[in-house]
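A.B. asks: A single structure is presented below for examination.
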Amino acid sequence: MTSSLFSPQIQDVLNRIASEQQRVDETEQPKLLEQIRRREAAWTPEELVAACAGGYYAAPAAIGRMLYACVRAVRPRTVFEFGTAYGFTAIHIAAALRDNGSGKLYTVDLHSGKCLAARDNLKAAGLGEYAEVITGEAVAVASSFSRPIDFLYLDGWVDFYLDVVRAAEPHLREGALVHADDTGKFAAGARPYLDHVRDPANGFVSLGVSDGQGFELSAYTGPSVQVVS
Ligand SMILES: C[S@@+](CC[C@H](N)C(=O)[O-])C[C@H]1O[C@@H](n2cnc3c(N)ncnc32)[C@H](O)[C@@H]1O
């Protein structure tokens, strides 16, 4: 069986998102990043999502292919994504779930307009039934999530990764894979998250990967881990 990722229906939607991303990157993105850097006070999720509403922020294509590969290999029943935006990564994950023949993606974003667009994009890619787009704040949604999570993908703002992973921990299946994006690009904001997952006492085995933006891959080994030397 060939991968549905390369079907014209899916590639058309991915290419449309990528070209819109390029346009916005050249116009809006630098202004947004400058505005965010200038502020010294901590952001609430609502303030930060509103401040960044004009940006696109789709992950690079290589991250999309990596997510597809991980989902094919891990064969998760449930994937939880923090940060839907326009659905670029959600489409890769949903395509892999369809090719696996099982599993569902739950993807969360606080921005209702982006959620609407992501639902349309998933539908246009023929993947609507493999993904549920949830409009809400990721920590709140993860806290009340009712299914065991096999694969957690973090791609919202790094400042909230620690709170999201802590909220998700009670739902993580032993052996769950956790992928956190942009941990090199936004290293200062990611620090508390990295300290958490790199401490084996917190129940993770973790490593950082340098791909330009940097990401962290972790396996959840359980709530209380005995470190055997
Ligand atoms: C980097 S973008 C996601 C990109 C997407 N994964 C892709 O590659 O297409 C980050 C998204 O996280 C959302 N977000 C940030 N903080 C959030 C929070 N606390 N709860 C829910 N969504 C949040 C933003 O609205 C934004 O759309």
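Every chain in the structure tokens has a letter given in the order shown (A, B, ...), and although residue numbers restart at 1 in each chain, ligands are simply numbered from 1 in the order shown.
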Which residues sit within 9 Å of ligand 1, counting only C-alpha atoms and all ligand atoms, listed as a PyMOL selection string?
C.D. replies: chain A and resi 17+44-46+48-50+52-53+55-61+63-64+81-91+107-112+114-115+118+135-141+153-161+164+181-182
A.B. asks: Could you pull out the helix (DSSP H, G or I) residues of chain A from DSSP and send them as a CSV table (one decimal) with N, CA and C atoms, in the first residue's frame?
C.D. replies:
```
chain,number,residue,atom,x,y,z
A,4,SER,N,-1.1,7.6,1.7
A,4,SER,CA,-2.1,8.5,1.2
A,4,SER,C,-1.6,10.0,1.3
A,5,LEU,N,-0.5,10.1,2.0
A,5,LEU,CA,0.1,11.5,2.2
A,5,LEU,C,0.4,12.2,0.9
A,6,PHE,N,0.8,11.3,-0.1
A,6,PHE,CA,1.1,11.9,-1.4
A,6,PHE,C,0.0,12.0,-2.4
A,8,PRO,N,-3.0,13.5,-4.5
A,8,PRO,CA,-3.3,14.9,-4.9
A,8,PRO,C,-4.2,15.6,-4.0
A,9,GLN,N,-5.2,14.9,-3.5
A,9,GLN,CA,-6.2,15.6,-2.6
A,9,GLN,C,-5.5,16.1,-1.4
A,10,ILE,N,-4.7,15.4,-0.7
A,10,ILE,CA,-4.0,15.8,0.5
A,10,ILE,C,-2.9,16.9,0.1
A,11,GLN,N,-2.1,16.6,-0.9
A,11,GLN,CA,-1.0,17.5,-1.3
A,11,GLN,C,-1.6,18.9,-1.7
A,12,ASP,N,-2.7,18.9,-2.3
A,12,ASP,CA,-3.3,20.2,-2.7
A,12,ASP,C,-3.6,21.1,-1.5
A,13,VAL,N,-4.1,20.5,-0.5
A,13,VAL,CA,-4.4,21.2,0.8
A,13,VAL,C,-3.1,21.7,1.4
A,14,LEU,N,-2.1,20.7,1.5
A,14,LEU,CA,-0.9,21.0,2.2
A,14,LEU,C,-0.1,22.2,1.5
A,15,ASN,N,-0.2,22.1,0.1
A,15,ASN,CA,0.5,23.1,-0.7
A,15,ASN,C,-0.2,24.5,-0.5
A,16,ARG,N,-1.5,24.5,-0.4
A,16,ARG,CA,-2.2,25.7,-0.2
A,16,ARG,C,-1.9,26.3,1.2
A,17,ILE,N,-1.8,25.5,2.2
A,17,ILE,CA,-1.4,26.0,3.5
A,17,ILE,C,0.0,26.6,3.5
A,18,ALA,N,0.9,25.8,2.8
A,18,ALA,CA,2.3,26.2,2.8
A,18,ALA,C,2.5,27.5,2.0
A,19,SER,N,1.7,27.7,1.0
A,19,SER,CA,2.0,29.0,0.2
A,19,SER,C,1.3,30.2,1.0
A,20,GLU,N,0.2,30.0,1.7
A,20,GLU,CA,-0.3,31.0,2.5
A,20,GLU,C,0.6,31.4,3.6
A,21,GLN,N,1.2,30.3,4.2
A,21,GLN,CA,2.2,30.5,5.3
A,21,GLN,C,3.4,31.4,4.8
A,22,GLN,N,3.8,31.1,3.6
A,22,GLN,CA,5.0,31.9,3.0
A,22,GLN,C,4.6,33.4,2.9
A,23,ARG,N,3.4,33.6,2.4
A,23,ARG,CA,2.9,35.0,2.2
A,23,ARG,C,2.9,35.7,3.6
A,24,VAL,N,2.3,35.1,4.6
A,24,VAL,CA,2.2,35.7,5.9
A,24,VAL,C,3.5,35.9,6.5
A,25,ASP,N,4.4,34.9,6.4
A,25,ASP,CA,5.7,35.0,6.9
A,25,ASP,C,6.5,36.2,6.5
A,26,GLU,N,6.3,36.5,5.2
A,26,GLU,CA,7.0,37.7,4.6
A,26,GLU,C,6.4,39.0,5.0
A,27,THR,N,5.1,39.0,5.5
A,27,THR,CA,4.5,40.3,5.8
A,27,THR,C,4.3,40.5,7.3
A,28,GLU,N,3.4,39.6,7.8
A,28,GLU,CA,2.9,39.8,9.2
A,28,GLU,C,3.9,39.3,10.3
A,29,GLN,N,4.6,38.1,10.0
A,29,GLN,CA,5.3,37.4,11.0
A,29,GLN,C,6.4,38.3,11.7
A,30,PRO,N,7.2,39.0,11.0
A,30,PRO,CA,8.3,39.8,11.7
A,30,PRO,C,7.7,40.8,12.7
A,31,LYS,N,6.6,41.4,12.3
A,31,LYS,CA,6.0,42.4,13.1
A,31,LYS,C,5.5,41.8,14.4
A,32,LEU,N,4.9,40.6,14.2
A,32,LEU,CA,4.3,39.9,15.4
A,32,LEU,C,5.4,39.5,16.4
A,33,LEU,N,6.5,38.9,15.8
A,33,LEU,CA,7.5,38.4,16.7
A,33,LEU,C,8.2,39.6,17.5
A,34,GLU,N,8.3,40.7,16.8
A,34,GLU,CA,8.9,41.9,17.5
A,34,GLU,C,8.0,42.4,18.6
A,35,GLN,N,6.7,42.4,18.3
A,35,GLN,CA,5.8,42.8,19.4
A,35,GLN,C,5.8,41.9,20.6
A,36,ILE,N,6.0,40.6,20.3
A,36,ILE,CA,6.0,39.6,21.4
A,36,ILE,C,7.3,39.8,22.2
A,37,ARG,N,8.4,39.9,21.5
A,37,ARG,CA,9.7,40.0,22.2
A,37,ARG,C,9.8,41.2,23.1
A,38,ARG,N,9.1,42.3,22.6
A,38,ARG,CA,9.3,43.6,23.4
A,38,ARG,C,8.6,43.5,24.8
A,45,PRO,N,-2.6,32.6,28.3
A,45,PRO,CA,-2.8,32.0,27.0
A,45,PRO,C,-3.7,32.8,26.1
A,46,GLU,N,-4.7,33.5,26.6
A,46,GLU,CA,-5.7,34.3,25.8
A,46,GLU,C,-4.9,35.5,25.2
A,47,GLU,N,-4.1,36.2,26.0
A,47,GLU,CA,-3.4,37.3,25.4
A,47,GLU,C,-2.4,36.9,24.3
A,48,LEU,N,-1.7,35.8,24.5
A,48,LEU,CA,-0.7,35.4,23.6
A,48,LEU,C,-1.3,34.9,22.3
A,49,VAL,N,-2.4,34.2,22.4
A,49,VAL,CA,-3.1,33.7,21.2
A,49,VAL,C,-3.7,34.9,20.4
A,50,ALA,N,-4.2,35.9,21.1
A,50,ALA,CA,-4.8,37.0,20.4
A,50,ALA,C,-3.7,37.8,19.8
A,51,ALA,N,-2.5,38.0,20.5
A,51,ALA,CA,-1.4,38.8,19.9
A,51,ALA,C,-0.8,38.1,18.6
A,61,ALA,N,7.8,21.2,6.6
A,61,ALA,CA,7.3,19.9,5.9
A,61,ALA,C,8.0,18.7,6.5
A,62,ALA,N,9.3,18.8,6.9
A,62,ALA,CA,10.0,17.6,7.4
A,62,ALA,C,9.4,17.2,8.7
A,63,ILE,N,8.9,18.1,9.5
A,63,ILE,CA,8.2,17.7,10.8
A,63,ILE,C,6.9,17.0,10.5
A,64,GLY,N,6.2,17.5,9.4
A,64,GLY,CA,5.0,16.8,9.0
A,64,GLY,C,5.3,15.4,8.6
A,65,ARG,N,6.3,15.1,7.9
A,65,ARG,CA,6.7,13.8,7.5
A,65,ARG,C,7.1,12.9,8.6
A,66,MET,N,7.8,13.6,9.6
A,66,MET,CA,8.2,12.8,10.8
A,66,MET,C,7.0,12.4,11.6
A,67,LEU,N,6.0,13.3,11.7
A,67,LEU,CA,4.8,12.9,12.4
A,67,LEU,C,4.1,11.8,11.8
A,68,TYR,N,4.0,11.9,10.4
A,68,TYR,CA,3.4,10.8,9.7
A,68,TYR,C,4.1,9.4,10.0
A,69,ALA,N,5.5,9.5,9.9
A,69,ALA,CA,6.3,8.3,10.2
A,69,ALA,C,6.1,7.7,11.6
A,70,CYS,N,6.1,8.6,12.6
A,70,CYS,CA,5.9,8.2,14.0
A,70,CYS,C,4.5,7.6,14.2
A,71,VAL,N,3.5,8.2,13.6
A,71,VAL,CA,2.2,7.6,13.8
A,71,VAL,C,2.0,6.3,13.1
A,72,ARG,N,2.6,6.1,11.9
A,72,ARG,CA,2.6,4.8,11.3
A,72,ARG,C,3.3,3.8,12.1
A,73,ALA,N,4.4,4.2,12.8
A,73,ALA,CA,5.2,3.2,13.5
A,73,ALA,C,4.6,2.9,14.9
A,74,VAL,N,4.1,3.9,15.6
A,74,VAL,CA,3.6,3.7,16.9
A,74,VAL,C,2.2,3.1,16.9
A,88,PHE,N,-2.0,22.0,9.4
A,88,PHE,CA,-0.9,21.4,8.5
A,88,PHE,C,-0.4,20.1,9.2
A,89,THR,N,0.0,20.1,10.5
A,89,THR,CA,0.4,18.9,11.1
A,89,THR,C,-0.7,17.9,11.4
A,90,ALA,N,-1.9,18.5,11.7
A,90,ALA,CA,-3.1,17.6,11.9
A,90,ALA,C,-3.3,16.7,10.7
A,91,ILE,N,-3.1,17.3,9.5
A,91,ILE,CA,-3.4,16.5,8.2
A,91,ILE,C,-2.4,15.4,8.1
A,92,HIS,N,-1.1,15.6,8.5
A,92,HIS,CA,-0.1,14.5,8.4
A,92,HIS,C,-0.5,13.4,9.4
A,93,ILE,N,-0.9,13.8,10.6
A,93,ILE,CA,-1.2,12.8,11.6
A,93,ILE,C,-2.5,12.0,11.2
A,94,ALA,N,-3.5,12.8,10.7
A,94,ALA,CA,-4.7,12.1,10.3
A,94,ALA,C,-4.5,11.2,9.1
A,95,ALA,N,-3.7,11.6,8.2
A,95,ALA,CA,-3.4,10.7,7.0
A,95,ALA,C,-2.7,9.4,7.5
A,96,ALA,N,-1.8,9.5,8.5
A,96,ALA,CA,-1.2,8.3,9.0
A,96,ALA,C,-2.2,7.4,9.7
A,97,LEU,N,-3.1,8.0,10.5
A,97,LEU,CA,-4.1,7.2,11.2
A,97,LEU,C,-5.0,6.5,10.2
A,98,ARG,N,-5.4,7.2,9.1
A,98,ARG,CA,-6.2,6.6,8.1
A,98,ARG,C,-5.4,5.4,7.5
A,99,ASP,N,-4.1,5.6,7.2
A,99,ASP,CA,-3.3,4.5,6.6
A,99,ASP,C,-3.1,3.4,7.5
A,100,ASN,N,-3.1,3.7,8.9
A,100,ASN,CA,-3.0,2.6,9.9
A,100,ASN,C,-4.3,1.8,9.9
A,112,SER,N,-10.7,30.4,17.7
A,112,SER,CA,-11.9,29.7,17.0
A,112,SER,C,-11.8,29.8,15.5
A,113,GLY,N,-11.3,31.0,15.0
A,113,GLY,CA,-11.3,31.1,13.5
A,113,GLY,C,-10.3,30.1,12.9
A,114,LYS,N,-9.2,29.8,13.6
A,114,LYS,CA,-8.2,28.8,13.1
A,114,LYS,C,-8.8,27.4,13.1
A,115,CYS,N,-9.6,27.2,14.2
A,115,CYS,CA,-10.2,25.9,14.3
A,115,CYS,C,-11.2,25.6,13.2
A,116,LEU,N,-12.0,26.7,12.8
A,116,LEU,CA,-12.9,26.5,11.7
A,116,LEU,C,-12.2,26.2,10.4
A,117,ALA,N,-11.1,27.0,10.2
A,117,ALA,CA,-10.3,26.8,9.0
A,117,ALA,C,-9.7,25.4,8.9
A,118,ALA,N,-9.2,24.9,10.1
A,118,ALA,CA,-8.5,23.6,10.2
A,118,ALA,C,-9.6,22.5,9.9
A,119,ARG,N,-10.8,22.7,10.4
A,119,ARG,CA,-11.8,21.7,10.1
A,119,ARG,C,-12.1,21.6,8.6
A,120,ASP,N,-12.1,22.8,7.9
A,120,ASP,CA,-12.4,22.9,6.5
A,120,ASP,C,-11.2,22.2,5.8
A,121,ASN,N,-10.0,22.5,6.2
A,121,ASN,CA,-8.8,21.9,5.5
A,121,ASN,C,-8.8,20.4,5.7
A,122,LEU,N,-9.1,19.9,6.9
A,122,LEU,CA,-9.1,18.4,7.1
A,122,LEU,C,-10.2,17.8,6.2
A,123,LYS,N,-11.3,18.4,6.1
A,123,LYS,CA,-12.4,17.9,5.3
A,123,LYS,C,-12.0,17.9,3.8
A,124,ALA,N,-11.4,19.0,3.4
A,124,ALA,CA,-10.9,19.1,2.0
A,124,ALA,C,-9.9,18.0,1.7
A,128,GLY,N,-11.6,14.4,7.5
A,128,GLY,CA,-12.4,14.9,8.6
A,128,GLY,C,-12.8,13.9,9.7
A,129,GLU,N,-13.0,12.6,9.3
A,129,GLU,CA,-13.5,11.7,10.3
A,129,GLU,C,-12.3,11.1,11.2
A,130,TYR,N,-11.1,11.5,10.9
A,130,TYR,CA,-9.9,11.0,11.7
A,130,TYR,C,-9.5,12.0,12.7
A,138,ALA,N,-5.6,24.7,26.0
A,138,ALA,CA,-5.0,23.4,25.9
A,138,ALA,C,-4.9,22.7,27.3
A,139,VAL,N,-4.5,23.5,28.3
A,139,VAL,CA,-4.3,22.9,29.7
A,139,VAL,C,-5.7,22.4,30.2
A,140,ALA,N,-6.7,23.3,30.0
A,140,ALA,CA,-8.0,22.9,30.4
A,140,ALA,C,-8.5,21.7,29.7
A,141,VAL,N,-8.3,21.6,28.4
A,141,VAL,CA,-8.8,20.5,27.6
A,141,VAL,C,-8.0,19.2,28.0
A,142,ALA,N,-6.7,19.3,28.2
A,142,ALA,CA,-5.9,18.2,28.5
A,142,ALA,C,-6.3,17.6,29.9
A,143,SER,N,-6.6,18.6,30.8
A,143,SER,CA,-7.0,18.2,32.2
A,143,SER,C,-8.2,17.3,32.2
A,158,VAL,N,5.7,27.5,23.4
A,158,VAL,CA,6.5,26.7,24.3
A,158,VAL,C,6.3,27.0,25.7
A,159,ASP,N,6.0,28.3,26.0
A,159,ASP,CA,5.8,28.7,27.4
A,159,ASP,C,4.7,27.9,28.1
A,160,PHE,N,3.8,27.3,27.4
A,160,PHE,CA,2.8,26.5,28.0
A,160,PHE,C,3.0,25.0,28.0
A,161,TYR,N,4.1,24.5,27.4
A,161,TYR,CA,4.4,23.1,27.3
A,161,TYR,C,4.3,22.4,28.6
A,162,LEU,N,5.0,23.0,29.7
A,162,LEU,CA,5.1,22.3,30.9
A,162,LEU,C,3.7,22.1,31.5
A,163,ASP,N,2.9,23.1,31.5
A,163,ASP,CA,1.5,23.0,32.0
A,163,ASP,C,0.7,22.0,31.3
A,164,VAL,N,0.9,22.0,29.9
A,164,VAL,CA,0.1,21.0,29.1
A,164,VAL,C,0.5,19.6,29.4
A,165,VAL,N,1.8,19.4,29.5
A,165,VAL,CA,2.3,18.0,29.7
A,165,VAL,C,1.8,17.5,31.1
A,166,ARG,N,1.9,18.4,32.1
A,166,ARG,CA,1.5,18.0,33.4
A,166,ARG,C,0.0,17.7,33.4
A,167,ALA,N,-0.8,18.5,32.7
A,167,ALA,CA,-2.2,18.2,32.7
A,167,ALA,C,-2.5,16.9,31.9
A,168,ALA,N,-1.7,16.6,31.0
A,168,ALA,CA,-1.9,15.3,30.2
A,168,ALA,C,-1.3,14.1,30.9
A,169,GLU,N,-0.4,14.3,31.8
A,169,GLU,CA,0.3,13.1,32.4
A,169,GLU,C,-0.6,12.0,32.9
A,170,PRO,N,-1.7,12.4,33.6
A,170,PRO,CA,-2.6,11.3,34.2
A,170,PRO,C,-3.2,10.5,33.0
A,171,HIS,N,-3.2,11.0,31.8
A,171,HIS,CA,-3.9,10.3,30.7
A,171,HIS,C,-2.9,9.6,29.8
A,187,ALA,N,14.3,28.6,23.1
A,187,ALA,CA,14.9,27.8,24.2
A,187,ALA,C,14.6,28.3,25.6
A,188,ALA,N,14.6,29.6,25.7
A,188,ALA,CA,14.3,30.1,27.1
A,188,ALA,C,12.9,29.7,27.6
A,189,GLY,N,11.9,29.9,26.7
A,189,GLY,CA,10.6,29.5,27.1
A,189,GLY,C,10.4,28.1,27.3
A,190,ALA,N,11.2,27.3,26.6
A,190,ALA,CA,11.1,25.8,26.7
A,190,ALA,C,11.8,25.2,27.9
A,191,ARG,N,12.6,26.0,28.5
A,191,ARG,CA,13.5,25.5,29.6
A,191,ARG,C,12.8,24.7,30.7
A,192,PRO,N,11.7,25.3,31.3
A,192,PRO,CA,11.0,24.5,32.4
A,192,PRO,C,10.5,23.2,31.9
A,193,TYR,N,10.0,23.1,30.6
A,193,TYR,CA,9.5,21.9,30.1
A,193,TYR,C,10.7,20.9,29.9
A,194,LEU,N,11.8,21.4,29.4
A,194,LEU,CA,12.9,20.5,29.2
A,194,LEU,C,13.5,19.9,30.5
A,195,ASP,N,13.5,20.8,31.5
A,195,ASP,CA,14.0,20.4,32.8
A,195,ASP,C,13.1,19.2,33.3
A,196,HIS,N,11.8,19.4,33.1
A,196,HIS,CA,10.8,18.4,33.6
A,196,HIS,C,11.0,17.0,32.9
A,197,VAL,N,11.0,17.0,31.6
A,197,VAL,CA,11.1,15.7,30.9
A,197,VAL,C,12.5,15.1,30.9
A,200,PRO,N,14.6,11.9,35.0
A,200,PRO,CA,13.9,10.6,34.9
A,200,PRO,C,12.9,10.4,36.1
A,201,ALA,N,13.1,11.2,37.2
A,201,ALA,CA,12.2,11.0,38.3
A,201,ALA,C,10.8,11.4,37.9
A,202,ASN,N,10.7,12.2,36.9
A,202,ASN,CA,9.3,12.6,36.4
A,202,ASN,C,8.7,11.7,35.5
```
A.B. asks: Tell me which of A:Glu40, A:Asp211, A:Asp199, A:Glu174 sits closest to A:Phe151, counting only C-alpha atoms.
C.D. replies: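 Answer, going by the shortest atom-to-atom distance: A:Glu174.
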A.B. asks: With DSSP run on the backbone, what are the strand (DSSP E) residues within stretch 61-222 of chain A? I'd like them as a PyMOL selection string.
C.D. replies: chain A and resi 78-82+104-109+131-135+149-154+172-180+204-209+215-220
A.B. asks: Mind dumping the selected residues with N, CA and C atoms as a short mmCIF file (atom, residue, chain, number, x, y, z; two decimals), in the first residue's frame?
C.D. replies:
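Saved result, out36.cif, follows:
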```
data_model
loop_
_atom_site.label_atom_id
_atom_site.label_comp_id
_atom_site.auth_asym_id
_atom_site.auth_seq_id
_atom_site.Cartn_x
_atom_site.Cartn_y
_atom_site.Cartn_z
N THR A 78 -4.97 6.95 20.25
CA THR A 78 -5.36 8.35 20.49
C THR A 78 -4.13 9.25 20.42
N VAL A 79 -4.25 10.28 19.57
CA VAL A 79 -3.21 11.30 19.47
C VAL A 79 -3.82 12.61 19.97
N PHE A 80 -3.05 13.35 20.80
CA PHE A 80 -3.50 14.66 21.29
C PHE A 80 -2.51 15.68 20.78
N GLU A 81 -3.01 16.68 20.06
CA GLU A 81 -2.14 17.75 19.55
C GLU A 81 -2.48 19.07 20.24
N PHE A 82 -1.45 19.74 20.76
CA PHE A 82 -1.59 21.09 21.32
C PHE A 82 -1.15 22.07 20.23
N LYS A 104 -7.50 8.00 16.34
CA LYS A 104 -8.13 9.31 16.16
C LYS A 104 -7.25 10.40 16.76
N LEU A 105 -7.25 11.54 16.08
CA LEU A 105 -6.53 12.72 16.55
C LEU A 105 -7.51 13.69 17.21
N TYR A 106 -7.12 14.19 18.39
CA TYR A 106 -7.84 15.28 19.05
C TYR A 106 -6.87 16.45 19.06
N THR A 107 -7.25 17.53 18.38
CA THR A 107 -6.32 18.64 18.23
C THR A 107 -6.96 19.92 18.76
N VAL A 108 -6.21 20.67 19.57
CA VAL A 108 -6.78 21.77 20.35
C VAL A 108 -6.16 23.11 19.97
N ASP A 109 -7.02 24.11 19.78
CA ASP A 109 -6.53 25.47 19.59
C ASP A 109 -7.52 26.44 20.22
N ALA A 131 -10.08 13.18 12.68
CA ALA A 131 -9.60 14.24 13.57
C ALA A 131 -10.76 15.04 14.14
N GLU A 132 -10.70 15.30 15.45
CA GLU A 132 -11.66 16.21 16.07
C GLU A 132 -10.92 17.47 16.47
N VAL A 133 -11.36 18.60 15.94
CA VAL A 133 -10.73 19.87 16.28
C VAL A 133 -11.50 20.48 17.45
N ILE A 134 -10.80 20.70 18.56
CA ILE A 134 -11.44 21.19 19.78
C ILE A 134 -11.03 22.64 20.00
N THR A 135 -12.00 23.53 20.09
CA THR A 135 -11.70 24.93 20.40
C THR A 135 -11.64 25.07 21.91
N ILE A 149 -3.86 8.58 26.28
CA ILE A 149 -3.15 9.20 25.14
C ILE A 149 -1.91 8.36 24.81
N ASP A 150 -1.77 7.98 23.54
CA ASP A 150 -0.60 7.20 23.10
C ASP A 150 0.49 8.08 22.50
N PHE A 151 0.07 9.22 21.96
CA PHE A 151 1.03 10.11 21.30
C PHE A 151 0.59 11.55 21.58
N LEU A 152 1.48 12.31 22.22
CA LEU A 152 1.19 13.71 22.55
C LEU A 152 2.12 14.57 21.70
N TYR A 153 1.53 15.47 20.91
CA TYR A 153 2.33 16.35 20.06
C TYR A 153 2.12 17.80 20.52
N LEU A 154 3.20 18.43 20.96
CA LEU A 154 3.12 19.80 21.49
C LEU A 154 3.65 20.77 20.44
N LEU A 172 -1.56 9.84 30.03
CA LEU A 172 -0.55 9.25 29.13
C LEU A 172 -0.44 7.75 29.40
N ARG A 173 -0.51 6.98 28.33
CA ARG A 173 -0.30 5.54 28.47
C ARG A 173 1.19 5.28 28.71
N GLU A 174 1.52 4.24 29.45
CA GLU A 174 2.93 3.90 29.63
C GLU A 174 3.53 3.63 28.25
N GLY A 175 4.65 4.25 27.96
CA GLY A 175 5.27 4.11 26.65
C GLY A 175 4.81 5.15 25.64
N ALA A 176 3.95 6.06 26.07
CA ALA A 176 3.47 7.09 25.14
C ALA A 176 4.65 7.92 24.63
N LEU A 177 4.53 8.31 23.36
CA LEU A 177 5.55 9.16 22.74
C LEU A 177 5.11 10.61 22.88
N VAL A 178 6.06 11.47 23.28
CA VAL A 178 5.75 12.90 23.40
C VAL A 178 6.75 13.67 22.54
N HIS A 179 6.23 14.44 21.60
CA HIS A 179 7.09 15.23 20.70
C HIS A 179 6.77 16.71 20.96
N ALA A 180 7.80 17.49 21.32
CA ALA A 180 7.61 18.92 21.59
C ALA A 180 8.42 19.72 20.57
N PHE A 204 10.04 10.24 32.46
CA PHE A 204 10.31 10.34 31.01
C PHE A 204 11.74 9.90 30.70
N VAL A 205 11.91 9.39 29.49
CA VAL A 205 13.25 9.24 28.92
C VAL A 205 13.25 10.17 27.72
N SER A 206 14.20 11.10 27.65
CA SER A 206 14.04 12.23 26.73
C SER A 206 15.34 12.63 26.06
N LEU A 207 15.23 13.13 24.84
CA LEU A 207 16.41 13.66 24.17
C LEU A 207 16.02 14.82 23.28
N GLY A 208 16.98 15.78 23.12
CA GLY A 208 16.76 16.90 22.23
C GLY A 208 17.32 16.60 20.86
N VAL A 209 16.62 17.07 19.81
CA VAL A 209 17.07 16.85 18.44
C VAL A 209 17.25 18.22 17.79
N PHE A 215 13.71 20.10 18.48
CA PHE A 215 12.54 19.49 19.10
C PHE A 215 12.99 18.46 20.11
N GLU A 216 12.08 18.09 20.99
CA GLU A 216 12.37 17.16 22.07
C GLU A 216 11.48 15.94 21.90
N LEU A 217 12.10 14.77 21.93
CA LEU A 217 11.34 13.51 21.84
C LEU A 217 11.45 12.80 23.17
N SER A 218 10.33 12.37 23.71
CA SER A 218 10.34 11.73 25.03
C SER A 218 9.41 10.52 25.01
N ALA A 219 9.79 9.52 25.80
CA ALA A 219 8.88 8.39 26.05
C ALA A 219 8.44 8.50 27.49
N TYR A 220 7.15 8.30 27.71
CA TYR A 220 6.62 8.36 29.08
C TYR A 220 6.75 6.96 29.68
#
```
A.B. asks: What separation in Å, quoted to one decimal, exists between atom CA of A:Phe145 and atom CA of A:Gly103?
C.D. replies: 15.8 Å
A.B. asks: What does the distance from atom CA of A:Gln213 to atom CA of A:Leu127 come to in Å, to one decimal?
C.D. replies: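 Calculated distance between atom CA of A:Gln213 and atom CA of A:Leu127 is 27.8 Å.
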A.B. asks: Please report the interatomic distance between atom CA of A:Thr2 and atom CA of A:Arg77 in Å with one decimal.
C.D. replies: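 The value is 21.2 Å.
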